[in-house]
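The block underneath contains the structure these notes are about, expressed in structure tokens.
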Amino acid sequence: MPYYHGIRATEINEGVRAIATVATSVIGLVSIAADADAETFPLDTPVLIDDVTRAIGKAGDGGKLAPTLEAIADQSSPPVIVVRVAEGEEPEQTQTNIIGTTTGDGQLTGMQALLGAESQLGLRPRILGVPGYDDQQVATDLATVAQKLRGMAYTAAQGDTVAEAVTYRENFGAREQMLIWPEFSDFTGSAIARALGLRSKIDTQTGWHKTLSNVAINGVTGLSRPVPFSILGDETTAASLLNDADVTTLARMDGYRFWGNRTCSDEPLFAFESAVRTAQVLQDTIAEGLVWAIDKPIVPGLIRDILESINAKFRDLKTQGRIIDAQARFRTADNSPAAMAAGRLVFDYDYTPCAPAESIGINQRITDRFYAQLLAA
């Protein structure tokens with residue numbers, strides 16, 4: 001070995017890596033506007049709008065695009081990925097255009113175009129809606145798109161009465177979907193448009209662990225149908241019946257608010273919107289935060305660094321109040337020598353999301369014991 005006189009430098013890239021939380025406030029909007037500016041809103045093409053108010057002037061006067069953007073802008077100014085589709089000569093053709101497909105040359109159309117938005121625009125839409133056009137088939141397919149994007153689909157419960165809305169709810173079972181009934185009074189699709197904007201606002205100002213419910217909505221003057229509502233114990237009101245059926249409704253209480261925390265999940269563990277979104281955020285946050293570890297040699301230091309990086313993120317989220325707690329483990333039962341020799345590592349973690357305080361009980365008792373204090377005084 002040749003003699004070396006001096007200092008050798010060795011760079012050690014080991015240790016815990018900070019994991020950044022994924023962005024959740026990006027809206028994915030599919031809409032129709034025949035006279036919209038074609039350069040700003042080309043058909044079947046995801047377009048990133050970073051200034052919603054300015055984009056309204058390019059959205060035309062027909063269709064739902066302009067009023068939807070106005071309703072979103074009333075709540076906040078979030079990034080919105082818009083896919084404009086053509087209106088068909090018949091309602092069935094319009095529905096087909098909205099749902100979209102993959103063309104022969106591999107192009108995605110309609111709501112399917114949202115699936116390719118991240119590769120084109122660098123942002124993933126996670127708050128999805130088709131305000132004013134979300135009939136049962138569109139709502140069903142939008143829930144499928146939401147599952148693929150690990151987002152949430154906000155769709156209108158169809159029906160003219162509470163009973164019809166409750167019956168309509170039976171058509172769905174996806175945890176990535178929330179149904180809302182009825183409408184606000186300004187336009188068909190108003191409730192969903194405002195849900196999209198408010199959901200993004202809550203994500204930015206409070207966090208994805210807070211549900212849509214019981215937050216004041218801007219720009220609303222009335223409901224399309226009356227919804228009897230009681231804050232105190234009346235389980236027979238329309239609002240209570242809708243919530244019991246997992247339908248979010250609209251309430252007038254110090255302004256107007258969405259009232260309801262439930263998804264359409266057929267799995268009780270994901271009944272709350274906050275539980276679904278917590279699961280989604282943790283999955284993507286950890287996956288994206290461990291890209292640095294892929295293809296590194298499997299040695300004890302790599303396993304330790306991955307485990308400590310995940311648990312450090314969990315501690316951070318717990319401190320922020322976004323989860324109750326979580327813990328990651330590396331279990332030998334899940335990682336046999338043969339599996340590791342084949343390049344596979346499995347980490348296991350448990351987590352507890354924050355449930356909303358949906359029901360608060362108050363026990364009231366009448367007593368005469370305070371008369372003793374009166375007499376003593």
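We label chains A, B, ... in the order they appear in the structure tokens, count residues from 1 in each chain, and number ligands from 1 in the order shown.
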
Residues near region 274-286 of chain A, cut-off 7 Å, only C-alpha atoms, skip fewer than 2 positions along chain, as a list of chain:residue names: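 My reading of the contact set: A:Ala20, A:Thr21, A:Val22, A:Arg150, A:Arg175, A:Glu176, A:Trp208, A:His209, A:Lys210, A:Thr211, A:Phe270, A:Phe272, A:Glu288, A:Gly289, A:Leu290, A:Ile310, A:Pro353, A:Cys354, A:Ala355.
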
DSSP alpha helix (DSSP H) residues within region 52-121 of chain A, as a PyMOL selection string: chain A and resi 52-56+65-75+91-99+117-121

Nearest to Gln137 (chain A) by atom-to-atom distance, counting only C-alpha atoms, from A:Gly222, A:Pro67, A:Ile99, A:Ala328: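 The answer is A:Ile99, which sits nearest to Gln137 (chain A).
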
Quick one: residues within 6 Å of region 77-89 of chain A, only C-alpha atoms counted, chain neighbours fewer than 4 positions away excluded, as a list in words? Val26, Ile27, Gly28, Leu29, Val30, Ser31, Ile32, Leu43, Asp44, Thr45, Pro46, Val47, Leu48, Ile49, Asp50, Ala73, Gln93 and Thr94 of chain A

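Distances here use only C-alpha atoms; by that measure, the residue among A:Gln373, A:Ser185, A:Asn218, A:Thr167 closest to Leu198 (chain A) is A:Asn218.
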
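When only C-alpha atoms are used to compute distances to Met340 (chain A), the closest of the residues A:Ile362, A:Ile303, A:Ala117, A:Leu223 turns out to be A:Ile303.
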
Take CA of Thr96 (chain A) and CA of Ala113 (chain A) and report the distance between them in Å, one decimal.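 Atom-to-atom, CA of Thr96 (chain A) and CA of Ala113 (chain A) are spaced 13.5 Å apart.
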
Rounded to one decimal place, report the CA of Ile98 (chain A)-CA of Met111 (chain A) distance in Å.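 About the pair CA of Ile98 (chain A) and CA of Met111 (chain A): they are 6.0 Å apart.
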
Could you check the closest approach to Tyr154 (chain A) for each of A:Gly255, A:Pro356, A:Gly207, A:Pro131 and tell me which residue wins, using only C-alpha atoms?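 Checking each of A:Gly255, A:Pro356, A:Gly207, A:Pro131 against Tyr154 (chain A), counting only C-alpha atoms, the winner is A:Pro131.
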
Could you tell me which of A:Val215, A:Ala239, A:Ala293, A:Leu121 comes closest to Arg257 (chain A) if we count only C-alpha atoms? A:Val215

Mind listing the strand (DSSP E or B) residues of region 159-267 of chain A, per DSSP on the backbone, as a VMD selection string? chain A and resid 177 to 180 184 216 223 247 to 252 256 to 259 262

Restrict the selected residues to C-alpha atoms and save them as an mmCIF file, in the first residue's frame.
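Contents of the output file result_39.cif:
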data_model
loop_
_atom_site.group_PDB
_atom_site.id
_atom_site.type_symbol
_atom_site.label_atom_id
_atom_site.label_comp_id
_atom_site.auth_asym_id
_atom_site.auth_seq_id
_atom_site.Cartn_x
_atom_site.Cartn_y
_atom_site.Cartn_z
ATOM 1 C CA GLN A 177 -66.356 10.086 -0.665
ATOM 2 C CA MET A 178 -68.529 12.555 1.260
ATOM 3 C CA LEU A 179 -72.132 13.260 0.268
ATOM 4 C CA ILE A 180 -73.672 16.699 0.861
ATOM 5 C CA PHE A 184 -77.212 26.657 -1.230
ATOM 6 C CA ALA A 216 -68.355 29.245 8.764
ATOM 7 C CA LEU A 223 -80.503 27.278 1.400
ATOM 8 C CA VAL A 247 -74.920 12.591 4.671
ATOM 9 C CA THR A 248 -73.366 15.959 5.491
ATOM 10 C CA THR A 249 -75.985 18.688 5.548
ATOM 11 C CA LEU A 250 -76.107 22.486 5.746
ATOM 12 C CA ALA A 251 -76.886 24.354 8.950
ATOM 13 C CA ARG A 252 -77.633 27.977 9.726
ATOM 14 C CA TYR A 256 -73.994 28.898 7.325
ATOM 15 C CA ARG A 257 -71.945 25.764 7.937
ATOM 16 C CA PHE A 258 -71.525 22.229 6.725
ATOM 17 C CA TRP A 259 -72.801 19.883 9.415
ATOM 18 C CA ARG A 262 -68.982 11.150 7.925
#

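Pairwise distance (CA of Val138 (chain A), CA of Leu212 (chain A)) equals 21.9 Å.
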
As a VMD selection string, please: the residues near Asp334 (chain A) (cut-off 9 Å, only C-alpha atoms, same-chain neighbours under 5 positions excluded). chain A and resid 339 345 to 348
